[in-house]
Structures are given as C-alpha cells and as structure tokens.
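The data block below is final37.cif; it holds mmCIF, C-alpha atoms and all ligand atoms.
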data_model
loop_
_atom_site.label_atom_id
_atom_site.label_comp_id
_atom_site.auth_asym_id
_atom_site.auth_seq_id
_atom_site.Cartn_x
_atom_site.Cartn_y
_atom_site.Cartn_z
CA MET A 192 15.14 14.49 10.13
CA SER A 193 12.52 12.79 8.04
CA PHE A 194 9.54 14.98 7.33
CA ASN A 195 7.76 12.27 5.40
CA SER A 196 7.24 9.97 8.36
CA ILE A 197 5.33 12.24 10.74
CA PRO A 198 2.20 10.23 11.67
CA LYS A 199 -1.26 11.61 10.97
CA VAL A 200 -2.69 13.97 13.60
CA ASP A 201 -6.31 12.99 14.20
CA LYS A 202 -9.24 14.94 15.59
CA PRO A 203 -9.35 15.27 19.42
CA SER A 204 -12.40 12.97 19.64
CA PHE A 205 -10.30 10.15 18.14
CA TYR A 206 -7.82 10.23 21.05
CA LEU A 207 -10.55 10.63 23.68
CA ASP A 208 -12.45 7.64 22.26
CA ILE A 209 -9.34 5.44 22.41
CA ALA A 210 -8.58 6.50 25.98
CA PHE A 211 -12.16 6.07 27.23
CA ARG A 212 -12.49 2.66 25.56
CA ALA A 213 -9.18 1.45 27.05
CA ALA A 214 -10.25 2.78 30.46
CA ARG A 215 -13.58 0.91 30.33
CA LYS A 216 -11.82 -2.31 29.41
CA ARG A 217 -9.13 -2.03 32.10
CA ALA A 218 -11.69 -1.08 34.75
CA SER A 219 -13.85 -4.08 33.96
CA ILE A 220 -10.85 -6.46 34.12
CA LYS A 221 -9.86 -4.94 37.45
CA LYS A 222 -13.37 -5.22 38.83
CA SER A 223 -13.71 -8.89 37.97
CA SER A 224 -10.34 -9.73 39.49
CA LEU A 225 -11.21 -8.36 42.94
CA LYS A 226 -12.81 -10.25 45.80
CA THR A 227 -14.15 -7.49 47.96
CA ASN A 228 -17.41 -5.56 48.52
CA LYS A 229 -19.22 -3.90 45.62
CA PHE A 230 -18.37 -0.30 46.58
CA LEU A 231 -14.64 -1.00 46.98
CA LYS A 232 -14.64 -2.89 43.70
CA GLU A 233 -16.17 0.12 41.95
CA LYS A 234 -13.78 2.55 43.61
CA THR A 235 -10.71 0.50 42.55
CA ALA A 236 -12.11 0.15 39.04
CA ASN A 237 -12.64 3.91 38.82
CA ILE A 238 -9.08 4.59 39.97
CA GLU A 239 -7.93 2.18 37.25
CA LYS A 240 -10.10 4.14 34.82
CA VAL A 241 -8.53 7.55 35.49
CA ASP A 242 -5.00 6.08 35.54
CA THR A 243 -5.60 4.44 32.15
CA VAL A 244 -7.05 7.62 30.66
CA ARG A 245 -4.02 9.60 31.82
CA LYS A 246 -1.58 7.02 30.48
CA VAL A 247 -3.22 6.68 27.07
CA LEU A 248 -3.76 10.40 26.50
CA THR A 249 -0.35 11.58 27.67
CA THR A 250 1.36 8.87 25.59
CA LYS A 251 -0.62 9.88 22.49
CA LEU A 252 0.03 13.60 22.99
CA ASN A 253 3.72 13.00 23.66
CA SER A 254 4.07 11.00 20.50
CA ILE A 255 2.52 13.85 18.49
CA THR A 256 4.93 16.48 19.83
CA LYS A 257 7.90 14.15 19.50
CA SER A 258 7.09 13.30 15.88
CA PHE A 259 7.41 16.94 14.77
CA PRO A 260 10.87 18.35 14.20
CA ASN A 261 12.38 20.78 16.67
CA ILE A 262 11.93 23.88 14.52
CA ASP A 263 14.71 25.89 16.17
CA GLY A 264 17.15 23.02 15.61
CA LEU A 265 16.54 22.74 11.85
CA ASN A 266 19.30 23.57 9.39
CA ASP A 267 18.98 26.75 7.30
CA PHE A 268 17.39 24.96 4.34
CA TYR A 269 14.62 23.23 6.29
CA PHE A 270 14.10 26.23 8.54
CA GLY A 271 13.68 28.37 5.40
CA LEU A 272 11.31 25.80 3.95
CA VAL A 273 9.16 25.69 7.09
CA ASN A 274 9.14 29.47 7.14
CA ALA A 275 8.17 29.73 3.47
CA THR A 276 5.36 27.18 3.54
CA ILE A 277 3.96 27.11 7.10
CA ASP A 278 3.12 29.76 9.68
CA TYR A 279 5.89 28.50 11.93
CA LYS A 280 4.91 30.64 14.91
CA GLU A 281 1.49 28.99 14.77
CA LEU A 282 3.21 25.61 14.50
CA LYS A 283 5.23 26.29 17.63
CA LYS A 284 2.11 27.55 19.38
CA SER A 285 0.19 24.40 18.42
CA LEU A 286 2.94 22.10 19.68
CA GLY A 287 2.98 24.16 22.89
CA ALA A 288 -0.79 23.72 23.21
CA ILE A 289 -0.44 19.93 22.97
CA ASN A 290 2.20 20.03 25.71
CA TRP A 291 -0.08 22.16 27.83
CA ALA A 292 -2.91 19.67 27.37
CA GLY A 293 -0.66 16.82 28.54
CA LYS A 294 0.12 18.69 31.75
CA LYS A 295 -3.53 19.62 32.26
CA ILE A 296 -4.57 15.97 31.88
CA SER A 297 -2.06 14.91 34.54
CA GLU A 298 -3.26 17.66 36.89
CA LEU A 299 -6.93 16.75 36.44
CA THR A 300 -6.18 13.06 36.85
CA SER A 301 -4.36 13.65 40.16
CA LEU A 302 -7.21 15.81 41.39
CA TYR A 303 -10.01 13.37 40.52
CA ARG A 304 -7.99 10.31 41.59
CA LEU A 305 -7.75 11.82 45.07
CA LYS A 306 -11.44 12.73 45.12
CA ILE A 307 -12.38 9.15 44.19
CA LYS A 308 -9.96 7.67 46.71
CA ARG A 309 -11.43 9.75 49.54
CA CYS A 310 -15.03 9.29 48.44
CA ASP A 311 -17.41 7.11 50.44
CA ASP A 312 -20.55 7.71 48.45
CA ARG A 313 -21.28 5.87 45.21
CA ALA A 314 -23.39 8.65 43.65
CA ILE A 315 -20.72 11.28 44.34
CA MET A 316 -18.02 8.99 42.93
CA ASN A 317 -19.99 8.51 39.71
CA LYS A 318 -20.48 12.25 39.45
CA ASP A 319 -16.72 12.77 39.91
CA ILE A 320 -15.97 10.40 37.04
CA LYS A 321 -18.50 12.20 34.86
CA ASN A 322 -16.96 15.57 35.74
CA TYR A 323 -13.46 14.21 35.09
CA TYR A 324 -14.44 13.06 31.59
CA GLY A 325 -16.23 16.35 30.96
CA ARG A 326 -13.22 18.43 31.95
CA LEU A 327 -10.89 16.34 29.79
CA SER A 328 -13.20 16.81 26.82
CA SER A 329 -13.23 20.55 27.36
CA VAL A 330 -9.38 20.64 27.46
CA PHE A 331 -9.38 18.88 24.08
CA LYS A 332 -12.08 21.17 22.72
CA GLN A 333 -9.96 24.19 23.58
CA ILE A 334 -7.10 22.93 21.45
CA SER A 335 -9.01 21.34 18.57
CA LYS A 336 -7.80 24.11 16.21
CA ASN A 337 -4.22 23.20 17.14
CA PHE A 338 -4.78 19.57 16.19
CA ALA A 339 -6.14 20.70 12.82
CA PHE A 340 -3.21 23.05 12.27
CA LEU A 341 -0.68 20.32 13.08
CA GLU A 342 -2.34 17.97 10.60
CA GLU A 343 -2.27 20.67 7.91
CA SER A 344 1.44 21.30 8.63
CA ARG A 345 2.19 17.57 8.54
CA ARG A 346 0.66 17.33 5.08
CA THR A 347 2.81 20.22 3.87
CA MET A 348 5.97 18.77 5.42
CA ARG A 349 5.26 15.35 3.94
CA ASP A 350 6.16 16.80 0.54
CA PHE A 351 9.45 18.35 1.66
CA PRO A 352 12.39 16.94 -0.31
CA THR A 353 15.04 14.96 1.52
CA ILE A 354 18.37 16.69 1.08
CA LYS A 355 21.35 15.27 2.92
CA GLU A 356 24.19 17.26 4.38
CA LEU A 357 26.73 16.27 1.72
CA PHE A 358 28.74 18.07 -0.92
CA THR A 359 25.93 19.17 -3.22
CA VAL A 360 25.75 20.07 -6.88
CA ALA A 361 22.58 21.92 -7.91
CA ILE A 362 21.53 21.64 -11.54
CA ALA A 363 19.84 24.83 -12.68
CA GLY A 364 18.54 26.34 -15.88
CA PHE A 365 15.42 27.27 -17.83
CA PRO A 366 12.54 24.79 -18.12
CA ASN A 367 12.92 21.86 -20.53
CA VAL A 368 16.63 22.45 -21.16
CA GLY A 369 17.59 18.92 -20.01
CA LYS A 370 18.35 19.27 -16.29
CA SER A 371 16.64 16.02 -15.26
CA THR A 372 18.20 14.21 -18.22
CA LEU A 373 21.61 15.37 -17.04
CA LEU A 374 20.85 14.13 -13.50
CA SER A 375 19.97 10.71 -14.92
CA LYS A 376 23.22 10.66 -16.87
CA LEU A 377 25.40 11.66 -13.90
CA THR A 378 23.74 9.50 -11.25
CA THR A 379 21.60 6.39 -10.88
CA SER A 380 18.54 8.56 -10.32
CA THR A 381 15.57 8.09 -12.66
CA PRO A 382 13.68 11.40 -12.63
CA GLU A 383 10.67 12.09 -14.77
CA ILE A 384 11.72 13.41 -18.18
CA LYS A 385 9.16 14.80 -20.60
CA PRO A 386 9.39 16.77 -23.83
CA TYR A 387 7.66 19.79 -22.28
CA ALA A 388 8.46 22.47 -19.72
CA PHE A 389 7.76 22.32 -15.96
CA THR A 390 7.99 18.52 -15.78
CA THR A 391 9.95 18.55 -12.54
CA LYS A 392 7.68 19.61 -9.69
CA THR A 393 9.85 18.77 -6.74
CA LEU A 394 13.57 18.57 -6.09
CA ASN A 395 14.98 15.36 -7.54
CA THR A 396 18.13 14.10 -5.90
CA GLY A 397 20.75 11.69 -7.12
CA TYR A 398 24.12 10.50 -5.88
CA PHE A 399 27.39 9.37 -7.26
CA SER A 400 30.29 7.88 -5.38
CA PHE A 401 33.74 9.30 -5.72
CA ARG A 402 36.65 7.85 -3.73
CA TYR A 403 34.26 6.18 -1.26
CA GLN A 404 32.38 9.42 -0.67
CA LYS A 405 29.02 10.53 -1.92
CA ILE A 406 28.35 13.59 -4.03
CA GLN A 407 24.74 14.76 -3.96
CA PHE A 408 22.99 16.22 -6.99
CA VAL A 409 19.82 18.27 -6.79
CA ASP A 410 17.84 18.70 -9.98
CA THR A 411 15.78 21.85 -9.61
CA PRO A 412 12.46 22.56 -11.32
CA GLY A 413 12.89 24.81 -14.34
CA THR A 414 13.27 28.34 -13.08
CA LEU A 415 12.13 31.28 -15.11
CA ASN A 416 13.62 34.68 -14.70
CA ARG A 417 11.30 35.74 -11.88
CA ILE A 418 12.94 35.42 -8.49
CA ASN A 419 10.48 37.94 -7.03
CA LYS A 420 7.29 36.05 -7.98
CA MET A 421 8.16 32.52 -6.95
CA ASN A 422 5.63 29.77 -6.27
CA ASP A 423 6.25 27.16 -3.53
CA ILE A 424 8.28 24.85 -5.80
CA GLU A 425 10.45 27.69 -6.99
CA LYS A 426 10.91 28.89 -3.41
CA THR A 427 12.07 25.37 -2.44
CA ALA A 428 14.51 25.33 -5.33
CA TYR A 429 15.77 28.80 -4.39
CA LEU A 430 16.34 27.73 -0.77
CA ALA A 431 18.21 24.60 -1.91
CA MET A 432 20.41 26.72 -4.17
CA LYS A 433 21.06 29.18 -1.37
CA HIS A 434 21.61 26.80 1.54
CA CYS A 435 22.44 23.32 0.17
CA ALA A 436 24.34 23.85 -3.06
CA ASP A 437 28.13 23.96 -2.92
CA ILE A 438 28.43 24.37 -6.68
CA PHE A 439 26.08 24.78 -9.65
CA ILE A 440 25.81 23.26 -13.05
CA TYR A 441 24.02 25.72 -15.27
CA VAL A 442 22.42 24.05 -18.28
CA TYR A 443 22.30 26.00 -21.53
CA ASP A 444 20.04 24.82 -24.33
CA ILE A 445 20.32 26.64 -27.63
CA THR A 446 17.78 24.41 -29.38
CA GLU A 447 15.02 25.80 -27.17
CA PRO A 448 12.66 28.72 -27.71
CA TYR A 449 13.99 30.47 -24.61
CA PRO A 450 16.19 33.27 -25.95
CA LEU A 451 19.85 33.00 -25.08
CA ALA A 452 19.75 36.52 -23.60
CA GLU A 453 17.13 35.35 -21.09
CA GLN A 454 19.17 32.26 -20.21
CA LYS A 455 22.19 34.51 -19.63
CA LYS A 456 20.12 36.81 -17.40
CA LEU A 457 19.18 33.83 -15.21
CA LEU A 458 22.81 32.78 -15.04
CA LYS A 459 23.69 36.29 -13.88
CA LYS A 460 21.20 35.88 -11.02
CA LEU A 461 22.73 32.54 -10.11
CA LYS A 462 26.14 34.23 -9.86
CA LYS A 463 24.77 36.29 -6.97
CA PHE A 464 24.94 33.16 -4.79
CA ASP A 465 28.70 33.49 -5.13
CA LYS A 466 29.36 29.77 -5.65
CA PRO A 467 31.35 28.03 -8.41
CA ILE A 468 29.31 27.50 -11.57
CA ILE A 469 30.09 24.92 -14.25
CA LEU A 470 28.37 25.63 -17.57
CA TYR A 471 26.97 22.72 -19.57
CA LEU A 472 25.55 22.74 -23.07
CA SER A 473 22.82 20.14 -23.57
CA LYS A 474 21.39 18.55 -26.71
CA THR A 475 24.58 18.87 -28.76
CA ASP A 476 23.61 15.58 -30.46
CA ILE A 477 20.78 17.35 -32.27
CA LEU A 478 22.57 20.66 -32.80
CA PRO A 479 24.33 21.46 -36.06
CA SER A 480 28.03 21.11 -35.20
CA GLU A 481 28.71 24.59 -36.60
CA LYS A 482 26.21 26.14 -34.15
CA THR A 483 27.73 24.16 -31.26
CA SER A 484 31.30 25.18 -31.98
CA VAL A 485 30.39 28.87 -32.42
CA PHE A 486 28.60 28.81 -29.06
CA LEU A 487 31.39 26.94 -27.30
CA LYS A 488 33.95 29.38 -28.63
CA LYS A 489 32.02 32.33 -27.19
CA ASN A 490 31.03 30.71 -23.91
CA LYS A 491 33.16 28.70 -21.48
CA CYS A 492 30.75 25.84 -21.71
CA GLU A 493 31.12 22.06 -21.46
CA PRO A 494 29.32 19.68 -23.86
CA ASP A 495 31.18 16.52 -22.80
CA LEU A 496 29.91 14.46 -19.86
CA ASP A 497 33.28 12.99 -18.84
CA VAL A 498 34.89 16.41 -18.74
CA LEU A 499 31.90 17.69 -16.78
CA LYS A 500 32.33 14.88 -14.23
CA LYS A 501 36.02 15.71 -13.93
CA LYS A 502 35.20 19.36 -13.25
CA ILE A 503 32.70 18.32 -10.56
CA THR A 504 35.14 16.00 -8.79
CA ASN A 505 37.81 18.74 -8.91
CA GLU A 506 35.42 21.08 -7.12
CA PHE A 507 34.64 18.30 -4.65
CA MET A 508 38.33 17.83 -3.87
CA LYS A 509 38.78 21.57 -3.38
CA TYR A 510 35.84 21.51 -0.99
CA MET A 511 37.24 18.54 0.98
CA LYS A 512 40.60 20.26 1.26
CA TYR A 513 38.91 23.39 2.55
CA MET A 514 36.86 21.40 5.08
CA LYS A 515 39.98 19.72 6.46
CA LYS A 516 41.68 23.05 7.16
N1 LIG A 601 18.38 15.00 -28.04
C1 LIG A 601 18.49 15.34 -26.77
N2 LIG A 601 17.38 15.56 -26.05
C2 LIG A 601 17.52 15.92 -24.77
C3 LIG A 601 18.79 16.06 -24.13
N3 LIG A 601 18.60 16.42 -22.85
C4 LIG A 601 17.28 16.50 -22.69
N4 LIG A 601 16.63 16.20 -23.81
C5 LIG A 601 15.16 16.19 -24.04
O1 LIG A 601 14.62 17.44 -23.62
C6 LIG A 601 13.33 17.28 -23.02
C7 LIG A 601 13.36 17.92 -21.64
O2 LIG A 601 14.27 17.21 -20.82
P1 LIG A 601 14.22 17.26 -19.23
O3 LIG A 601 15.45 16.56 -18.77
O4 LIG A 601 12.92 16.81 -18.72
O5 LIG A 601 14.33 18.82 -19.01
P2 LIG A 601 14.26 19.65 -17.65
O6 LIG A 601 15.19 20.80 -17.79
O7 LIG A 601 14.45 18.76 -16.50
O8 LIG A 601 12.75 20.18 -17.70
P3 LIG A 601 11.85 20.77 -16.50
O9 LIG A 601 11.89 19.80 -15.39
O10 LIG A 601 10.49 20.86 -17.10
O11 LIG A 601 12.42 22.10 -16.17
C8 LIG A 601 13.08 15.78 -23.00
O12 LIG A 601 12.29 15.46 -24.11
C9 LIG A 601 14.47 15.16 -23.13
O13 LIG A 601 14.46 13.89 -23.72
C10 LIG A 601 19.97 15.81 -24.95
O14 LIG A 601 21.12 15.95 -24.51
N5 LIG A 601 19.75 15.46 -26.26
MG MG A 602 13.22 18.38 -14.91
#

Take the structure in the file and give it back as structure tokens.
Amino acid sequence: MSFNSIPKVDKPSFYLDIAFRAARKRASIKKSSLKTNKFLKEKTANIEKVDTVRKVLTTKLNSITKSFPNIDGLNDFYFGLVNATIDYKELKKSLGAINWAGKKISELTSLYRLKIKRCDDRAIMNKDIKNYYGRLSSVFKQISKNFAFLEESRRTMRDFPTIKELFTVAIAGFPNVGKSTLLSKLTTSTPEIKPYAFTTKTLNTGYFSFRYQKIQFVDTPGTLNRINKMNDIEKTAYLAMKHCADIFIYVYDITEPYPLAEQKKLLKKLKKFDKPIILYLSKTDILPSEKTSVFLKKNKCEPDLDVLKKKITNEFMKYMKYMKK
C-alpha cells in the first residue's frame, strides 16, 4: 500500500462544478444531434444531463474511497500509525459518508430521470432539473466536513514512511550517535547526516542484498529516554521497532555528551521488545584506542563493520530457517 500516492480530496463544490459542466456539454451535443421537435429535444438533453451528472459524480466519489487504504486490512505497523496520527474512527466514518453520497446520487438520479421521462410540460421539467441539482448540492453540503477530514488525513498519510515486509534491522540509539552514518555505510541509502542531534525526522530505509534476498534497514530518529512522552516521529519509530524490526543494532557513542548510563538505560528499554540486539560502537576512528579497548572489554560491542555485517547476515539466516519451518 502506498500512502504517498493518495490523490488530493477537493472541496465538494469542485466535484459538483465538474459534473454540472460535463452535463451541460453532453446535453448540448445531444440536443444538436437530434432531428425532432423542440420539447422532445429538450427532454432527451435533460435525460443526458442527469445521466452524465450521475456518472461523473459516482466515478469521482468511487475513486476517492478506493484511493484510501482499507484500514482494517492494514498490517500492525500501519494500523498503529493510522491510530497514532489520525482519528481512524472518523476516517472510517468519512469514507462511509462518501459511499452513502454515491448511493444517494444514484437514487436521486433514478427518481428525477423518471420524472423527466414522464413529464409533458416544459416548465415542470425545468423545475425538476433545478430541484435535482439542488438536492445533489444539499447531499454534498451534508458531507463537506467529511471531504475536509479526508484531505487532512491524506496529508498526514502522505508523510508515512514506506516499510516493506522484509527481514528488517532497526538502527537505534541516542541522537547524533551515528545511526544514519551507519545506515549509509551498510546500504546504498544516502540519509541526511549532520553534526547535531535530531537530524533524522522520518524513518530512513536502506537495503542490502544477501544471497539474492533483500535485508531492510530502518534508521530511526534519535530517541531519548522518554517512551512515555513521545512526539509523532518518536511514535512512528517506536511502532517500527515494535512491529517491523526483526533485530536491532544499538549504536553506542562514547564521544558524545550523552552519559553512558543514559545510553544503557535506553538499551534496557529496547530489550523489552525481546528481539536480538547487536551492539555497535561508533566513532572509534576519533576515540583514543585505550578508551575504545576498555569499553569493548566491558561491553559486548562491535566496532568493525565487516564483523557487524556478518552478525546481521547470521541473524538473517536464522530467521529464514525459522520461517521455513
Ligand atoms: N568521526 C566519525 N564521525 C561520525 C561517525 N559516525 C557518525 N559521525 C558523525 O556524527 C554526526 C552525527 O551523525 P548522524 O549519522 O547524523 O547521527 P544520527 O544518530 O543519525 O543523528 P540523529 O538523526 O540526529 O539522531 C555527524 O557529524 C557524523 O559525521 C564515525 O564513525 N566517525
Ligand atoms: Mg539520523
């Protein structure tokens, strides 16, 4: 499901204008193609009008409802994301309202089509058309809030990250420790890397191929030790860690101002997900070798990229074996 390609939801008047314009055009073509008396010409043109309005409006409304994902069919990650960022009951209600409008338009069209067909008075026929347009407008007016809500939801969904259903490695750690740098070293991804904290504001993904299969990496925005007070980006990262990650790489940085005790506390929280965690020590190139070796002795941590890759592919093979069972 691609959340980024949902087309814009316009105001109701936009759809009505398109339908009424198309109806006028079709009716005039019809009228000029007929060789009969004036009243019959007008009647046929009016029937063409209501048929065109129905066709245009129901097609437009159908394409809106079809472009939104089926919320109940979403996987746990995207369902969690919708739930965390959008009032999903309201979203379902709004999609239901658009469906209702489609049915109402068909009902009204059938009713007024029949009235026009049976009509033998020009003034009454014109009044019927006017009433038909008026009733359609009032149907749209009733659901104008739903159109606005769908557009608001679309804008939120547009920023959802695309995470594929593949074996996934989530890179976690404090801000500025080198998570995005690690992603760029492990994959062909080119995330934004800056010498300050909170650079990553969405979930960056990257891939590497191993034995003709893809391993997905998700670089999470720097997470502080505050799982209870998360903003939307942190919530997204949390959901990806919970539902998408098969294993974690936890990045330690002992050149940073974040105290080691705090970094260890965050790691402890990560352990609650109950998934394998590979520890990585970044920035060893600028660390005094003495400091690095003392840290590595105390912590089961990996400073070498090739060894890190090996550990990842080992976990991947374990996962594949498990999946085949
Ligand atoms: N010398 C050195 N610098 C590094 C290394 N890894 C990262 N850096 C630098 O550390 C800074 C932060 O790197 P990022 O990769 O953006 O860190 P991040 O953890 O993704 O940061 P946030 O997205 O803000 O959480 C940048 O200036 C990087 O160039 C490394 O192994 N060695
Ligand atoms: Mg980053």

(message) Just want the residues within 10 Å of ligand LIG 601 (chain A), written as a count of residues only, counting all atoms listed in the file.
(response) 48

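Nearest residue to ligand MG 602 (chain A), choosing from A:Gln407, A:Thr359, A:Thr381, A:Thr427 and counting all atoms listed in the file: A:Thr381.
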
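Put simply, CA of Leu430 in chain A is 15.7 Å away from CA of Leu357 in chain A.
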
Separating CA of Thr379 in chain A from CA of Lys509 in chain A, to the nearest tenth of an Å, is a gap of 24.1 Å

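Between Thr250 in chain A and the candidates A:Lys336, A:Lys420, A:Lys294, A:Arg346, the tightest atom-to-atom separation, counting only C-alpha atoms, involves A:Lys294.
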
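Using all atoms listed in the file, the nearest neighbour of Lys199 in chain A within the list A:Arg313, A:Leu272, A:Ala339, A:Thr378 is A:Ala339.
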
Show which residues sit within 8 Å of Leu299 in chain A, as number ranges by chain. Count only C-alpha atoms, and ignore same-chain residues fewer than 5 positions away.
A: 323, 326-327

Ile468 in chain A proximity check over A:Leu496, A:Ala218, A:Ala436, A:Ala236, using only C-alpha atoms: winner is A:Ala436

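Separating CA of Met421 in chain A from CA of Tyr269 in chain A is a distance of 17.4 Å.
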
Using all atoms listed in the file, the best pick from A:Arg345, A:Lys318, A:Arg309, A:Lys405 as closest to Ile277 in chain A would be A:Arg345

Atom completion result for range 328-341 of chain A (N, CA and C atoms) as an mmCIF file, keeping the file's coordinate frame:
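That gives us result22.cif:
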data_model
loop_
_atom_site.group_PDB
_atom_site.id
_atom_site.type_symbol
_atom_site.label_atom_id
_atom_site.label_comp_id
_atom_site.auth_asym_id
_atom_site.auth_seq_id
_atom_site.Cartn_x
_atom_site.Cartn_y
_atom_site.Cartn_z
ATOM 1 N N SER A 328 -12.651 16.477 28.147
ATOM 2 C CA SER A 328 -13.200 16.810 26.820
ATOM 3 C C SER A 328 -13.078 18.301 26.557
ATOM 4 N N SER A 329 -13.290 19.106 27.600
ATOM 5 C CA SER A 329 -13.230 20.550 27.360
ATOM 6 C C SER A 329 -11.779 21.013 27.116
ATOM 7 N N VAL A 330 -10.800 20.330 27.751
ATOM 8 C CA VAL A 330 -9.380 20.640 27.460
ATOM 9 C C VAL A 330 -9.114 20.382 25.970
ATOM 10 N N PHE A 331 -9.610 19.246 25.483
ATOM 11 C CA PHE A 331 -9.380 18.880 24.080
ATOM 12 C C PHE A 331 -10.116 19.834 23.133
ATOM 13 N N LYS A 332 -11.293 20.255 23.556
ATOM 14 C CA LYS A 332 -12.080 21.170 22.720
ATOM 15 C C LYS A 332 -11.320 22.490 22.533
ATOM 16 N N GLN A 333 -10.708 22.924 23.632
ATOM 17 C CA GLN A 333 -9.960 24.190 23.580
ATOM 18 C C GLN A 333 -8.826 24.162 22.565
ATOM 19 N N ILE A 334 -8.257 22.976 22.339
ATOM 20 C CA ILE A 334 -7.100 22.930 21.450
ATOM 21 C C ILE A 334 -7.394 22.197 20.128
ATOM 22 N N SER A 335 -8.688 22.090 19.798
ATOM 23 C CA SER A 335 -9.010 21.340 18.570
ATOM 24 C C SER A 335 -8.441 22.037 17.330
ATOM 25 N N LYS A 336 -8.378 23.372 17.345
ATOM 26 C CA LYS A 336 -7.800 24.110 16.210
ATOM 27 C C LYS A 336 -6.321 23.763 16.054
ATOM 28 N N ASN A 337 -5.647 23.541 17.180
ATOM 29 C CA ASN A 337 -4.220 23.200 17.140
ATOM 30 C C ASN A 337 -3.982 21.834 16.500
ATOM 31 N N PHE A 338 -4.890 20.896 16.813
ATOM 32 C CA PHE A 338 -4.780 19.570 16.190
ATOM 33 C C PHE A 338 -4.906 19.719 14.667
ATOM 34 N N ALA A 339 -5.897 20.516 14.264
ATOM 35 C CA ALA A 339 -6.140 20.700 12.820
ATOM 36 C C ALA A 339 -4.939 21.370 12.159
ATOM 37 N N PHE A 340 -4.363 22.351 12.849
ATOM 38 C CA PHE A 340 -3.210 23.050 12.270
ATOM 39 C C PHE A 340 -2.004 22.112 12.128
ATOM 40 N N LEU A 341 -1.807 21.261 13.145
ATOM 41 C CA LEU A 341 -0.680 20.320 13.080
ATOM 42 C C LEU A 341 -0.858 19.340 11.924
#
